[in-house]
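Participant: One file: protein_9.tsv (TSV, C-alpha atoms).
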```
chain	number	residue	atom	x	y	z
A	1	MET	CA	0.00	0.00	0.00
A	2	GLY	CA	1.43	3.38	-0.99
A	3	LEU	CA	1.47	6.50	1.13
A	4	GLY	CA	0.82	9.09	-1.54
A	5	ASP	CA	1.29	10.17	-5.12
A	6	PRO	CA	4.41	11.94	-6.39
A	7	VAL	CA	4.49	15.59	-5.39
A	8	ALA	CA	4.96	18.52	-7.78
A	9	PRO	CA	8.19	20.46	-7.15
A	10	ARG	CA	8.51	24.04	-6.00
A	11	SER	CA	8.51	26.67	-8.75
A	12	ALA	CA	11.95	26.80	-10.37
A	13	ALA	CA	10.96	29.99	-12.23
A	14	ALA	CA	10.04	31.84	-9.02
A	15	GLU	CA	13.21	30.66	-7.31
A	16	ALA	CA	15.33	31.81	-10.27
A	17	ALA	CA	13.60	35.19	-10.23
A	18	ALA	CA	14.31	35.47	-6.52
A	19	ARG	CA	18.00	34.73	-6.98
A	20	ALA	CA	18.20	37.28	-9.78
A	21	ARG	CA	16.52	39.89	-7.60
A	22	LEU	CA	18.80	39.11	-4.67
A	23	ASP	CA	21.79	39.96	-6.82
A	24	THR	CA	20.40	43.44	-7.50
A	25	LEU	CA	19.70	44.45	-3.90
A	26	VAL	CA	21.64	47.18	-2.13
A	27	LYS	CA	24.32	44.86	-0.77
A	28	PRO	CA	27.41	43.04	-1.97
A	29	LEU	CA	26.68	39.83	-3.87
A	30	GLY	CA	25.95	37.01	-1.44
A	31	ALA	CA	26.28	39.29	1.60
A	32	LEU	CA	23.17	37.89	3.27
A	33	GLY	CA	24.61	34.39	3.27
A	34	ARG	CA	22.14	31.62	3.84
A	35	LEU	CA	19.27	34.08	4.19
A	36	GLU	CA	19.46	34.42	0.42
A	37	ASP	CA	19.02	30.68	-0.05
A	38	LEU	CA	16.07	30.65	2.34
A	39	ALA	CA	14.43	33.61	0.60
A	40	ALA	CA	14.79	31.95	-2.79
A	41	TRP	CA	13.46	28.68	-1.37
A	42	LEU	CA	10.37	30.47	-0.05
A	43	ALA	CA	9.81	32.11	-3.41
A	44	GLY	CA	9.90	28.71	-5.07
A	45	ALA	CA	7.52	27.26	-2.49
A	46	GLN	CA	5.03	30.08	-2.94
A	47	GLY	CA	5.47	30.29	-6.71
A	48	ARG	CA	6.01	34.04	-6.56
A	49	CYS	CA	8.82	36.55	-6.29
A	50	PRO	CA	9.09	38.12	-3.87
A	51	PRO	CA	7.40	35.66	-1.51
A	52	ALA	CA	4.58	36.86	0.71
A	53	PRO	CA	5.05	37.28	4.47
A	54	LEU	CA	4.66	34.18	6.62
A	55	ASP	CA	1.74	35.58	8.57
A	56	ARG	CA	-0.28	32.37	8.94
A	57	VAL	CA	1.84	29.69	10.59
A	58	THR	CA	0.45	26.70	12.46
A	59	ALA	CA	2.32	24.23	14.65
A	60	VAL	CA	0.64	20.87	15.21
A	61	VAL	CA	1.74	18.69	18.12
A	62	PHE	CA	1.12	14.96	17.71
A	63	ALA	CA	0.97	13.32	21.14
A	64	GLY	CA	1.36	9.63	21.79
A	65	ASP	CA	2.86	7.17	24.23
A	66	HIS	CA	5.40	4.53	23.33
A	67	GLY	CA	5.44	1.13	24.98
A	68	VAL	CA	9.22	1.06	24.81
A	69	ALA	CA	9.30	3.77	27.51
A	70	GLY	CA	8.47	0.99	29.96
A	71	GLU	CA	11.87	-0.54	29.19
A	72	GLY	CA	13.60	2.22	31.14
A	73	VAL	CA	14.96	4.19	28.18
A	74	SER	CA	13.88	7.64	29.38
A	75	ALA	CA	14.57	9.85	32.37
A	76	TYR	CA	10.83	10.53	32.77
A	77	PRO	CA	7.71	8.33	33.21
A	78	SER	CA	5.06	7.92	30.54
A	79	ALA	CA	2.53	9.83	32.65
A	80	VAL	CA	4.25	13.01	31.53
A	81	THR	CA	2.82	12.63	28.00
A	82	GLY	CA	-0.80	13.06	29.00
A	83	ALA	CA	0.03	15.81	31.47
A	84	MET	CA	1.81	17.74	28.74
A	85	VAL	CA	-1.25	17.67	26.49
A	86	GLY	CA	-2.99	19.73	29.12
A	87	ALA	CA	0.06	21.98	29.39
A	88	PHE	CA	-0.07	22.74	25.68
A	89	LEU	CA	-3.71	23.68	25.89
A	90	ALA	CA	-3.09	25.82	28.98
A	91	GLY	CA	-0.27	27.67	27.24
A	92	MET	CA	2.34	26.47	29.73
A	93	ALA	CA	4.63	24.39	27.49
A	94	GLY	CA	7.81	25.65	25.88
A	95	VAL	CA	6.34	25.61	22.40
A	96	SER	CA	3.24	27.41	23.72
A	97	VAL	CA	5.38	30.30	24.92
A	98	ALA	CA	7.40	30.45	21.70
A	99	ALA	CA	4.23	30.22	19.60
A	100	ARG	CA	2.64	33.15	21.43
A	101	LEU	CA	5.79	35.21	21.01
A	102	HIS	CA	5.99	34.61	17.28
A	103	GLY	CA	2.29	34.63	16.39
A	104	VAL	CA	2.02	30.93	15.64
A	105	ALA	CA	-1.27	29.07	15.99
A	106	LEU	CA	-0.81	25.92	18.08
A	107	ARG	CA	-2.88	22.75	17.88
A	108	VAL	CA	-2.42	19.50	19.79
A	109	TYR	CA	-3.88	16.08	18.97
A	110	ASP	CA	-4.00	12.99	21.15
A	111	ILE	CA	-3.12	10.34	18.59
A	112	ALA	CA	-2.05	7.61	20.98
A	113	VAL	CA	-1.73	8.83	24.57
A	114	ASP	CA	-2.00	5.84	26.90
A	115	ALA	CA	-4.69	7.47	29.02
A	116	ASP	CA	-8.13	8.96	28.85
A	117	LEU	CA	-7.86	12.73	29.06
A	118	PRO	CA	-11.22	14.02	30.32
A	119	GLY	CA	-12.20	17.64	30.19
A	120	LEU	CA	-10.31	18.48	27.01
A	121	PRO	CA	-11.90	19.86	23.84
A	122	PRO	CA	-13.33	17.00	21.74
A	123	ALA	CA	-11.15	17.94	18.78
A	124	VAL	CA	-8.02	16.94	20.70
A	125	ALA	CA	-8.91	13.24	20.57
A	126	ALA	CA	-10.90	13.31	17.33
A	127	HIS	CA	-8.16	11.39	15.48
A	128	LYS	CA	-7.05	9.04	18.24
A	129	VAL	CA	-5.91	5.70	16.82
A	130	ARG	CA	-5.12	3.75	19.99
A	131	ARG	CA	-3.72	4.00	23.51
A	132	GLY	CA	0.05	3.77	23.49
A	133	SER	CA	2.02	1.38	21.33
A	134	GLY	CA	3.71	-1.98	21.56
A	135	VAL	CA	7.10	-2.53	23.16
A	136	ILE	CA	9.16	-2.49	19.97
A	137	ASP	CA	12.03	-4.67	21.16
A	138	ARG	CA	9.53	-7.49	21.81
A	139	GLU	CA	6.47	-6.80	19.63
A	140	ASP	CA	5.15	-4.62	16.85
A	141	ALA	CA	4.32	-1.05	17.78
A	142	LEU	CA	1.00	-1.13	15.92
A	143	GLY	CA	-1.60	-3.67	14.96
A	144	PRO	CA	-2.73	-4.55	11.43
A	145	GLY	CA	-4.05	-1.52	9.58
A	146	GLU	CA	-3.26	0.94	12.38
A	147	ALA	CA	-0.28	2.53	10.62
A	148	ALA	CA	-2.42	3.28	7.57
A	149	ARG	CA	-5.18	4.69	9.82
A	150	ALA	CA	-2.70	6.95	11.56
A	151	VAL	CA	-1.20	8.14	8.27
A	152	ALA	CA	-4.72	8.99	7.10
A	153	ALA	CA	-5.38	10.84	10.38
A	154	GLY	CA	-2.27	12.97	9.90
A	155	ALA	CA	-3.29	13.74	6.34
A	156	ALA	CA	-6.78	14.75	7.48
A	157	ILE	CA	-5.29	17.09	10.10
A	158	ALA	CA	-3.08	18.69	7.45
A	159	ASP	CA	-6.07	19.14	5.15
A	160	ALA	CA	-8.06	20.84	7.89
A	161	VAL	CA	-5.29	23.31	8.65
A	162	VAL	CA	-4.53	24.02	4.99
A	163	ASP	CA	-8.21	24.50	4.18
A	164	GLY	CA	-8.34	27.14	6.92
A	165	GLY	CA	-5.49	29.07	5.32
A	166	VAL	CA	-1.82	28.66	6.21
A	167	ASP	CA	1.55	29.81	4.85
A	168	LEU	CA	3.78	27.37	6.73
A	169	LEU	CA	3.31	24.26	8.85
A	170	ILE	CA	5.39	23.00	11.77
A	171	PRO	CA	5.07	19.42	13.07
A	172	GLY	CA	5.60	18.98	16.80
A	173	ASP	CA	5.69	15.92	19.01
A	174	MET	CA	5.07	14.85	22.58
A	175	GLY	CA	5.65	11.37	23.88
A	176	ILE	CA	8.01	9.82	26.41
A	177	GLY	CA	10.21	7.32	24.57
A	178	ASN	CA	9.96	9.10	21.25
A	179	THR	CA	13.72	9.45	20.73
A	180	THR	CA	13.99	5.66	21.00
A	181	VAL	CA	11.32	5.24	18.34
A	182	ALA	CA	12.98	7.89	16.16
A	183	ALA	CA	16.35	6.17	16.46
A	184	ALA	CA	14.88	2.81	15.48
A	185	LEU	CA	13.11	4.29	12.44
A	186	VAL	CA	16.23	6.07	11.23
A	187	ALA	CA	18.39	2.97	11.71
A	188	ALA	CA	15.88	0.86	9.80
A	189	GLU	CA	15.61	3.33	6.91
A	190	LEU	CA	19.38	3.82	6.57
A	191	GLY	CA	20.53	0.32	7.48
A	192	VAL	CA	22.86	1.47	10.23
A	193	PRO	CA	23.44	-0.13	13.67
A	194	ALA	CA	21.79	1.02	16.86
A	195	ALA	CA	25.02	2.45	18.22
A	196	ASP	CA	25.06	5.00	15.40
A	197	VAL	CA	21.63	6.43	16.12
A	198	VAL	CA	20.89	6.26	19.85
A	199	GLY	CA	21.33	9.43	21.91
A	200	THR	CA	20.66	10.60	25.44
A	201	GLY	CA	17.14	11.86	24.72
A	202	THR	CA	15.70	13.40	27.87
A	203	GLY	CA	19.11	13.37	29.54
A	204	ILE	CA	19.77	9.74	30.49
A	205	ASP	CA	23.03	8.66	32.09
A	206	ALA	CA	25.72	6.48	30.51
A	207	PRO	CA	24.44	3.09	31.79
A	208	THR	CA	20.93	3.92	30.59
A	209	LEU	CA	22.33	4.92	27.21
A	210	VAL	CA	23.96	1.49	26.90
A	211	HIS	CA	20.65	-0.13	27.81
A	212	LYS	CA	18.71	2.07	25.39
A	213	THR	CA	21.09	1.08	22.59
A	214	SER	CA	20.53	-2.61	23.33
A	215	VAL	CA	16.77	-2.07	23.24
A	216	VAL	CA	16.96	-0.43	19.81
A	217	ALA	CA	19.27	-3.20	18.57
A	218	ALA	CA	16.75	-5.80	19.72
A	219	ALA	CA	13.95	-3.93	17.98
A	220	LEU	CA	15.92	-3.80	14.74
A	221	SER	CA	16.57	-7.54	14.88
A	222	ARG	CA	12.87	-8.36	14.81
A	223	PRO	CA	11.26	-9.16	11.44
A	224	ARG	CA	9.24	-6.44	9.76
A	225	ALA	CA	7.40	-5.95	6.52
A	226	PRO	CA	9.10	-3.85	3.83
A	227	GLY	CA	8.30	-0.23	3.11
A	228	ALA	CA	7.24	2.72	5.20
A	229	LEU	CA	4.13	1.10	6.65
A	230	GLY	CA	6.18	-1.94	7.61
A	231	SER	CA	8.67	0.19	9.51
A	232	LEU	CA	5.97	2.28	11.18
A	233	THR	CA	4.09	-0.86	12.23
A	234	ALA	CA	7.08	-2.69	13.66
A	235	LEU	CA	9.19	0.17	15.02
A	236	GLY	CA	7.12	3.35	15.03
A	237	SER	CA	3.95	4.48	16.74
A	238	ALA	CA	0.61	5.98	15.80
A	239	ASP	CA	1.87	9.51	16.38
A	240	ALA	CA	4.88	8.83	14.13
A	241	ALA	CA	2.62	7.49	11.38
A	242	ALA	CA	0.32	10.49	11.75
A	243	THR	CA	3.31	12.81	11.38
A	244	VAL	CA	4.30	10.98	8.18
A	245	GLY	CA	0.81	11.47	6.79
A	246	PHE	CA	0.86	15.13	7.82
A	247	LEU	CA	4.17	15.78	6.06
A	248	LEU	CA	3.14	14.06	2.87
A	249	ARG	CA	-0.25	15.77	2.65
A	250	ALA	CA	1.32	19.19	3.30
A	251	ALA	CA	3.75	18.60	0.43
A	252	GLY	CA	0.95	17.36	-1.79
A	253	ARG	CA	-1.01	20.53	-1.05
A	254	GLY	CA	2.02	22.72	-1.84
A	255	VAL	CA	2.47	24.03	1.70
A	256	PRO	CA	6.03	24.37	3.02
A	257	VAL	CA	6.96	22.63	6.25
A	258	LEU	CA	9.58	23.60	8.83
A	259	LEU	CA	10.70	20.41	10.54
A	260	ASP	CA	11.52	20.40	14.24
A	261	GLY	CA	13.89	17.97	15.94
A	262	VAL	CA	14.71	14.28	15.93
A	263	PHE	CA	11.15	12.92	15.87
A	264	SER	CA	9.85	14.98	12.96
A	265	SER	CA	13.14	14.43	11.11
A	266	ALA	CA	12.85	10.66	11.52
A	267	CYS	CA	9.26	10.81	10.25
A	268	ALA	CA	10.42	12.97	7.34
A	269	LEU	CA	13.01	10.33	6.47
A	270	VAL	CA	10.33	7.63	6.40
A	271	ALA	CA	8.00	9.87	4.38
A	272	GLY	CA	10.77	10.99	2.02
A	273	ARG	CA	11.79	7.43	1.26
A	274	ALA	CA	8.16	6.64	0.43
A	275	VAL	CA	7.62	9.78	-1.70
A	276	PRO	CA	11.02	11.30	-2.56
A	277	SER	CA	9.53	14.31	-4.33
A	278	ALA	CA	7.90	15.45	-1.07
A	279	VAL	CA	11.28	16.40	0.39
A	280	ASP	CA	11.28	19.45	-1.89
A	281	TRP	CA	8.76	21.09	0.46
A	282	TRP	CA	10.60	20.67	3.76
A	283	LEU	CA	13.16	22.75	5.62
A	284	ALA	CA	14.98	21.76	8.82
A	285	GLY	CA	14.35	24.21	11.63
A	286	HIS	CA	17.13	23.27	14.02
A	287	ARG	CA	19.77	20.70	14.84
A	288	SER	CA	18.88	18.40	17.71
A	289	THR	CA	21.50	16.85	19.97
A	290	GLU	CA	20.37	13.39	18.81
A	291	PRO	CA	22.69	11.52	16.39
A	292	SER	CA	19.76	9.98	14.54
A	293	GLN	CA	18.57	13.44	13.49
A	294	ARG	CA	21.97	14.26	12.03
A	295	LEU	CA	21.87	11.08	9.93
A	296	ALA	CA	18.25	11.64	8.88
A	297	LEU	CA	18.84	15.22	7.75
A	298	ALA	CA	22.00	14.25	5.89
A	299	ALA	CA	20.08	11.55	4.01
A	300	LEU	CA	17.35	14.08	3.18
A	301	GLY	CA	19.87	16.72	2.11
A	302	LEU	CA	18.57	19.23	4.66
A	303	ASP	CA	20.72	21.71	6.57
A	304	PRO	CA	19.23	23.03	9.85
A	305	ILE	CA	18.68	26.76	10.20
A	306	LEU	CA	19.63	26.88	13.89
A	307	ASP	CA	22.04	24.91	16.06
A	308	LEU	CA	21.34	25.87	19.66
A	309	GLY	CA	21.75	22.53	21.41
A	310	MET	CA	17.98	22.27	21.88
A	311	ARG	CA	16.34	18.91	22.65
A	312	LEU	CA	12.90	19.87	23.96
A	313	GLY	CA	10.83	18.70	21.02
A	314	GLU	CA	7.20	19.89	20.80
A	315	GLY	CA	8.01	21.94	17.67
A	316	SER	CA	9.88	24.44	19.84
A	317	GLY	CA	13.08	24.50	17.79
A	318	ALA	CA	11.24	25.08	14.54
A	319	VAL	CA	9.15	27.88	16.04
A	320	THR	CA	12.37	29.46	17.31
A	321	ALA	CA	13.80	29.29	13.77
A	322	LEU	CA	10.72	30.92	12.23
A	323	PRO	CA	11.96	34.54	12.66
A	324	VAL	CA	14.97	33.70	10.48
A	325	LEU	CA	12.64	32.65	7.66
A	326	ARG	CA	10.55	35.77	8.15
A	327	THR	CA	13.68	37.89	7.99
A	328	ALA	CA	14.73	36.22	4.73
A	329	GLN	CA	11.32	36.91	3.20
A	330	ALA	CA	11.27	40.55	4.28
A	331	LEU	CA	14.76	41.27	3.00
A	332	LEU	CA	13.96	39.92	-0.44
A	333	ALA	CA	10.62	41.74	-0.56
A	334	GLU	CA	11.53	45.08	0.96
A	335	MET	CA	15.18	45.91	0.35
A	336	GLY	CA	15.91	48.44	-2.34
A	337	THR	CA	17.93	47.70	-5.45
A	338	LEU	CA	21.05	49.31	-6.82
A	339	GLY	CA	18.87	50.52	-9.67
A	340	ASP	CA	16.72	52.40	-7.18
A	341	LEU	CA	19.88	54.28	-6.19
A	342	GLY	CA	20.84	54.91	-9.78
A	343	VAL	CA	23.92	52.71	-9.36
A	344	ALA	CA	24.99	50.01	-11.77
A	345	GLY	CA	26.72	47.08	-10.10
A	346	GLY	CA	26.73	43.35	-9.56
A	347	ALA	CA	24.09	41.49	-11.52
A	348	ASP	CA	22.19	44.77	-11.93
A	349	ALA	CA	24.60	46.05	-14.57
A	350	GLY	CA	23.00	44.07	-17.37
A	351	GLY	CA	19.29	44.50	-16.76
A	352	GLY	CA	16.54	46.05	-14.71
A	353	PRO	CA	16.63	45.58	-10.94
A	354	GLY	CA	14.97	42.42	-9.74
A	355	ASP	CA	14.09	41.21	-13.23
A	356	PRO	CA	16.51	39.69	-15.73
A	357	ALA	CA	14.14	40.81	-18.48
A	358	GLY	CA	14.43	44.45	-17.35
A	359	ALA	CA	11.07	45.07	-15.72
A	360	GLY	CA	12.25	48.06	-13.71
A	361	SER	CA	12.19	47.94	-9.94
A	362	SER	CA	9.23	45.60	-9.72
A	363	PRO	CA	9.71	41.93	-8.79
A	364	GLY	CA	10.12	39.37	-11.55
A	365	GLY	CA	6.99	38.42	-13.41
A	366	ILE	CA	6.15	35.42	-11.29
A	367	GLY	CA	2.98	35.24	-9.25
A	368	PRO	CA	0.80	38.12	-8.12
```
Show the structure stored in the file as structure tokens.

Facilitator:
Amino acid sequence: MGLGDPVAPRSAAAEAAARARLDTLVKPLGALGRLEDLAAWLAGAQGRCPPAPLDRVTAVVFAGDHGVAGEGVSAYPSAVTGAMVGAFLAGMAGVSVAARLHGVALRVYDIAVDADLPGLPPAVAAHKVRRGSGVIDREDALGPGEAARAVAAGAAIADAVVDGGVDLLIPGDMGIGNTTVAAALVAAELGVPAADVVGTGTGIDAPTLVHKTSVVAAALSRPRAPGALGSLTALGSADAAATVGFLLRAAGRGVPVLLDGVFSSACALVAGRAVPSAVDWWLAGHRSTEPSQRLALAALGLDPILDLGMRLGEGSGAVTALPVLRTAQALLAEMGTLGDLGVAGGADAGGGPGDPAGAGSSPGGIGP
């Protein structure tokens, strides 16, 4: 069973127009460094030069418990997962604070929390697939058909957000044990040993790290069906599968995604192997401290915007990176050109500012 159709690429014409305009701005060529690449990327994603402001951004937190947490691989108990769902809704979590600061809408969904969470808005559990997941070193994480159901749930959540109007999506995660699941998925996709992917997660000590590595190695030694759904069933979780569906549907709808840390990066690796063309729509928000994220992003060809040593999850690193993207967009859209100053220089010497065809000081003829 497939996970989605091939995805159309970003607009090469809009990206080329953006790069041409960047070379005419009132600055030395390349002086804005990677901000220029990000601005051009956004232009390609929006199909217009310059790109529009990123005013409508939504972060979606997928919450779920992981049976492997019971194997002693985390510094915190599984009860934290359900408690944090309430913290998101109360505005107390790290990503809640960052989202308020940067004008990001925040949604949270109980996909597989191993508890009933009374008193919460019905929408929070509207896509719940199951309670928790199997202990992956001894059994499959999901039952027959549950991975596909969770992928469909993630796609439906993406559709709902996109239909409401959004310029950028951020996937977040909450679930004790999720770095173990992420490590197992990355190892399975890349064919590398557990020792290469397992990190300290919530801050475990050295003996626990050795134990966590043995748990992931045992999980990888178990038989599993081929393909993305096989990996998600054997080694993943419902919240991981929902994140995969979310990423693929966002790409299919032509909405850019700013990935967060290790969990969303592992899900992106699974999704990108299933539908390689979808990777064109994803950026990496920040570098996690987890080795599996480094390997996943390298395989995807993604370079994180920030490297702050963050390991909170929740979408917090991506939300923190958002102002960099907004800066890139504004610089491309609002800086003047050398032509505006009556100065010939750089790429501006041979044509009109911002338009290789010589359309004056207006942006290239792409989009509105």

Participant: Choose the residue, out of A:Val161, A:Met174, A:Val255, A:Leu295, that has the smallest atom-to-atom separation from A:Ala87; count only C-alpha atoms.

Facilitator: A:Met174

Participant: If we count only C-alpha atoms, what is near A:Met335 at a cut-off of 10 Å, once residues fewer than 6 positions away on the same chain are taken out, given as a ChimeraX atom specification?

Facilitator: /A:22,24-27

Participant: Counting all atoms listed in the file, what is within 9 Å of A:Trp41, bar same-chain residues fewer than 4 positions away, as a PyMOL selection string?

Facilitator: chain A and resi 10+14-15+18+36-37+45-46

Participant: Excluding stretch 260-265 of chain A and its own-chain neighbours fewer than 3 positions away, which residues fall within 8 Å of it when counting all atoms listed in the file? Please give them as a PyMOL selection string.

Facilitator: chain A and resi 170-173+178-179+182+240+243+268-269+284-288+290+292-293+296-297+311+313-318

Participant: Which is closest to A:Ala183 among A:Val244, A:Ala251, A:Val97, A:Ala266, if we use all atoms listed in the file?

Facilitator: A:Ala266

Participant: Got a sec: who's within 9 Å of A:Gly70, counting all atoms listed in the file, leaving out chain neighbours fewer than 6 positions off, as a PyMOL selection string?

Facilitator: chain A and resi 77-78+135+177

Participant: In Å to one decimal, how far is atom CA of A:Ala69 from atom CA of A:Asp239?

Facilitator: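 Calculated distance between atom CA of A:Asp239 and atom CA of A:Ala69 is 14.6 Å.
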
Participant: Quick one: contact table of stretch 197-281 of chain A to stretch 153-159 of chain A, 7 Å max, nearest atom pair and distance in Å to one decimal per residue, counting all atoms listed in the file, chain and number order, as a tab-separated table?

Facilitator:
```
residue	atom	partner	partner_atom	distance
A:Ala242	CA	A:Gly154	CA	4.0
A:Thr243	CA	A:Gly154	CA	5.8
A:Gly245	CA	A:Gly154	CA	4.6
A:Phe246	CA	A:Gly154	CA	4.3
A:Arg249	CA	A:Ala155	CA	5.2
A:Ala250	CA	A:Ala158	CA	6.1
```

Participant: Which is closer to A:Arg100 than all the others in A:Ala234, A:Ala126, A:Ala59, A:Ala219, using only C-alpha atoms?

Facilitator: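 The closest residue to A:Arg100 is A:Ala59.
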